Amino acid sequence: MAQDDSSNGPGERKPNAAGDADLLRRLGSLDSKLRDVEARKGTVHNADKQKPQMSGIGQAFRLSTEFIAGIIVGGGAGWALDRWAGTRPWGMIVLLLLGTCAGFFNVARAAGLMKSRTDDKSGAK
Amino acid sequence: MASPIEQFEIKPLIKLGTIGKSEIAFTNSALFMMIAVGLIILLFVYGTRSRSLIPGRIQSLAEMGYEFVANTVRDSAGHDGMKFLPLVFSLFMFVLFCNLLGMVPGAFTVTSHLIVTAALAALVIFTVIIYGIYKHGAHFFGLFVPSGVHPLMLIILVPIEIISFVSRPISLSVRLFANMLAGHIALKIFAGFIATLLFAGGWAILSPLPLALTIALTALEFLVAVLQAYVFAVLTCIYLHDALHPGH
Amino acid sequence: MASTPATTTTGTVAHGGEAHGGAFPPFQSETFASQLIWLAITFGVLYYLAAKIIVPRLGAILADRASRIGGDLNEAAAMKAKAEEAVAAYEKSLAEARAKSQAIAQEARDAVNAKSDARRKAVEADLSAKLVDAERKIVAMKTSAMGNVSAIAADAAASIVAKLTGAAPSPAAVEDAVKTSIEG
């Protein structure tokens, strides 16, 4: 004689096939939604500890002045050195040349063609 | 045709006195600086007053702006870099609002003056230098000495590195100043063409051309206004990253 | 910094408003002090407010929301675990009940089988007893019938002989003859 089992866990109910299928379906959808959220959290955490990525146009604007700024600083420093130490025109020439190289290096580093000073250290500290 | 340079004149609105040789007054530049800061306060302090869990439109806007700056700082400088968040936030918002305010017809563009952008860039670079020396001592100057280089090469390389470093604030300030200046000059010139053509008799038929150009240029200038603020902020974060983690 | 001469476009009339008539305003050094002072004031106010109010408040709002969402997600995961546990327990008890019912059925079947076996054995015993009885009776009847048969045969033989020979044989001789023919 089959006896009704009273140990059904929280909430006794009579076994009902249609209700069971519905509940199991909802359990499955909750499971997949939780997994989606976990996956999204994972990707957010991984993109950490690097230099901020600039958009393409941003990079372009940056590069537009990096070269000229080097030349300006070189020329300005050269001119100041000449005024101060009276080394016309050599101060200006040498520092202008160095400034051009610096501008060059600036562009190369900004464009990623050269390793920048702190590239290997990012994330290490 | 009106001079395209006129729009950049500093006009005193309320004279306040003199310091040494310069006359101090409440100028149009000062006015627009205050309007910019006022708008920022309106958006971020007044708009987030309710601190609701589900944000309304203004709080949403404020949160988006804050999150952009906070993420940029956190990505580049990690958690100990978050102490620079108020500085980067203020810089970004100030430049953004000043740039955008300049797009209002008849308004004055604060950031079209080299002294203003140079002062902001100087603020950034001195923060980098002072904090770098404070945190890492003389090791901060290791920034200028690339590793694994023959000593003779260093004689050339170190000045180049120093020039490169000093060129950062120069490029930061010149970039913002030049873009704002050139943009507004171009707008004024092309808009002037419309009027010139309209009053030149038969040539009036061509006047829709500069009109279309001016409209396109205005759209571009809005983009540039936002982008220049963005680039300024991101570069500030990059330079701060160098102060926090100097190489070698 | 010396102010540079005017850089106006062709055909424009310089509108001199400043002391240098058409100079380039961004390079007019007499405006620098004023701009720097006002910049310091406004930016200082902005930085102070950002550090004291804006950054903490917005940080708190976002942190609150993140922790609330995190809490809700954790709760959802816990609920899901509990639901799965409940499903597992339900299925386990279902399986147990099924096993139990099968056991009970098996027990009942065995009981019935035992009973029928016992009854069969009883009937079999009964029948074999009756068989033995019947056999005994048959043997008894047979012997009695056989006894009768020799008496009847003796009678019949005596009358036959009397009829055939006209003289009645002695009963002892008839008995002997019948006995030999039966036995032999």
# chains A, B, ... in the order shown; residues from 1 in each chain; ligands from 1
>>> interface_residues(of="chain C", to="chain B", cutoff="6 Å", atoms="only C-alpha atoms", output="ChimeraX atom specification")
/C:12,25-26,30,34,38,47,50-51
>>> write_last_selection(atoms="N, CA and C atoms", output="short mmCIF file (atom, residue, chain, number, x, y, z; two decimals), in the first residue's frame")
data_model
loop_
_atom_site.label_atom_id
_atom_site.label_comp_id
_atom_site.auth_asym_id
_atom_site.auth_seq_id
_atom_site.Cartn_x
_atom_site.Cartn_y
_atom_site.Cartn_z
N THR C 12 40.57 92.45 -43.91
CA THR C 12 39.81 92.77 -42.69
C THR C 12 40.31 94.08 -42.13
N PRO C 25 45.20 88.64 -28.80
CA PRO C 25 44.86 88.62 -27.38
C PRO C 25 45.51 87.49 -26.56
N PRO C 26 45.60 86.28 -27.08
CA PRO C 26 46.19 85.26 -26.23
C PRO C 26 47.63 85.55 -25.83
N GLU C 30 49.49 91.65 -20.49
CA GLU C 30 48.87 92.37 -19.37
C GLU C 30 47.60 91.69 -18.89
N SER C 34 45.46 88.68 -14.48
CA SER C 34 44.03 88.62 -14.20
C SER C 34 43.49 87.21 -14.47
N TRP C 38 41.90 84.60 -11.60
CA TRP C 38 40.53 84.07 -11.66
C TRP C 38 40.53 82.57 -11.89
N TYR C 47 37.97 72.35 -7.33
CA TYR C 47 38.72 71.22 -6.78
C TYR C 47 38.27 70.92 -5.35
N ALA C 50 34.97 69.24 -5.49
CA ALA C 50 35.09 67.89 -6.02
C ALA C 50 35.64 66.95 -4.96
N ALA C 51 36.70 67.41 -4.27
CA ALA C 51 37.33 66.54 -3.29
C ALA C 51 36.41 66.30 -2.09
#
>>> interface_residues(of="chain C", to="chain A", cutoff="12 Å", atoms="only C-alpha atoms", output="JSON, numbers by chain")
{"C": [66, 69, 70, 72, 73, 74, 75, 76, 77, 78, 79, 80, 81, 82, 83, 84, 85, 86, 87, 88, 89, 90, 91, 92, 93, 94, 95, 96, 97, 98, 99, 100, 101, 102, 103, 104, 105, 106, 107, 108]}
>>> atom_distance(atom1="CA of Leu235 (chain B)", atom2="CA of Ala69 (chain A)")
14.5 Å
>>> atom_distance(atom1="CA of Asp80 (chain B)", atom2="CA of Leu62 (chain C)")
18.7 Å
>>> interface_residues(of="chain B", to="chain A", cutoff="6 Å", atoms="only C-alpha atoms", output="PyMOL selection string")
chain B and resi 72+75-76+160+164+167+170-171+231+247
>>> residues_around(residues="Gly78 (chain A)", least_positions_apart="4", cutoff="9 Å", atoms="only C-alpha atoms", output="CSV table (one decimal) with C-alpha atoms, in the first residue's frame")
chain,number,residue,atom,x,y,z
A,73,VAL,CA,61.1,72.8,-26.1
A,74,GLY,CA,64.4,72.1,-27.8
A,82,ASP,CA,72.4,81.0,-25.6
A,83,ARG,CA,71.1,84.0,-23.8
A,89,PRO,CA,74.6,79.8,-32.2
A,90,TRP,CA,75.8,76.4,-31.0
A,91,GLY,CA,73.4,76.1,-28.0
A,92,MET,CA,70.5,76.7,-30.2
A,93,ILE,CA,71.6,74.3,-32.9
A,94,VAL,CA,72.5,71.4,-30.6
A,95,LEU,CA,69.4,71.7,-28.5
A,96,LEU,CA,67.2,72.2,-31.5
>>> residues_around(residues="Ile129 (chain B)", least_positions_apart="2", cutoff="10 Å", atoms="only C-alpha atoms", output="PyMOL selection string")
chain B and resi 124-127+131-135+140-141+239-240+242-243
>>> write_last_selection(atoms="C-alpha atoms", output="tab-separated table (two decimals), in the first residue's frame")
chain	number	residue	atom	x	y	z
B	124	VAL	CA	49.51	68.59	-13.97
B	125	ILE	CA	53.24	68.42	-14.53
B	126	PHE	CA	54.14	69.91	-11.16
B	127	THR	CA	51.81	67.46	-9.46
B	131	TYR	CA	54.49	63.62	-6.09
B	132	GLY	CA	57.12	61.57	-7.93
B	133	ILE	CA	59.93	63.01	-5.88
B	134	TYR	CA	57.93	62.72	-2.68
B	135	LYS	CA	57.09	59.08	-3.26
B	140	PHE	CA	62.10	59.33	-9.75
B	141	PHE	CA	64.85	60.68	-11.96
B	239	TYR	CA	51.59	61.12	-16.80
B	240	LEU	CA	50.37	60.36	-13.27
B	242	ASP	CA	54.56	57.57	-14.72
B	243	ALA	CA	54.82	59.40	-11.43
>>> atom_distance(atom1="CA of Asp64 (chain C)", atom2="CA of Ser50 (chain B)")
13.5 Å
>>> decode(residues="region 35-47 of chain B", atoms="N, CA, C and O atoms", output="compact mmCIF listing (two decimals), in the first residue's frame")
# COMPACT_ATOMS: atom_id res chain seq x y z
N ILE B 35 30.82 80.64 -14.77
CA ILE B 35 29.63 79.96 -15.31
C ILE B 35 29.93 78.47 -15.44
O ILE B 35 29.09 77.62 -15.09
N ALA B 36 31.12 78.14 -15.95
CA ALA B 36 31.47 76.73 -16.12
C ALA B 36 31.44 76.00 -14.78
O ALA B 36 30.82 74.94 -14.65
N VAL B 37 32.10 76.59 -13.78
CA VAL B 37 32.14 75.94 -12.47
C VAL B 37 30.72 75.85 -11.89
O VAL B 37 30.33 74.84 -11.29
N GLY B 38 29.93 76.91 -12.11
CA GLY B 38 28.55 76.89 -11.63
C GLY B 38 27.76 75.75 -12.24
O GLY B 38 27.02 75.04 -11.55
N LEU B 39 27.91 75.56 -13.56
CA LEU B 39 27.18 74.47 -14.21
C LEU B 39 27.63 73.11 -13.69
O LEU B 39 26.82 72.20 -13.49
N ILE B 40 28.94 72.99 -13.47
CA ILE B 40 29.45 71.72 -12.96
C ILE B 40 28.83 71.43 -11.59
O ILE B 40 28.38 70.32 -11.31
N ILE B 41 28.80 72.46 -10.73
CA ILE B 41 28.21 72.27 -9.41
C ILE B 41 26.74 71.90 -9.53
O ILE B 41 26.24 70.99 -8.85
N LEU B 42 26.05 72.59 -10.44
CA LEU B 42 24.63 72.31 -10.63
C LEU B 42 24.42 70.84 -10.99
O LEU B 42 23.58 70.15 -10.41
N LEU B 43 25.22 70.37 -11.93
CA LEU B 43 25.03 69.00 -12.40
C LEU B 43 25.40 67.99 -11.32
O LEU B 43 24.65 67.04 -11.06
N PHE B 44 26.53 68.19 -10.68
CA PHE B 44 27.06 67.12 -9.83
C PHE B 44 26.63 67.23 -8.38
O PHE B 44 26.54 66.22 -7.69
N VAL B 45 26.39 68.45 -7.90
CA VAL B 45 26.00 68.53 -6.49
C VAL B 45 24.48 68.57 -6.37
O VAL B 45 23.89 67.81 -5.60
N TYR B 46 23.87 69.42 -7.18
CA TYR B 46 22.43 69.53 -7.09
C TYR B 46 21.76 68.31 -7.70
O TYR B 46 20.75 67.81 -7.19
N GLY B 47 22.32 67.80 -8.78
CA GLY B 47 21.69 66.70 -9.49
C GLY B 47 21.74 65.39 -8.73
O GLY B 47 20.93 64.49 -8.95
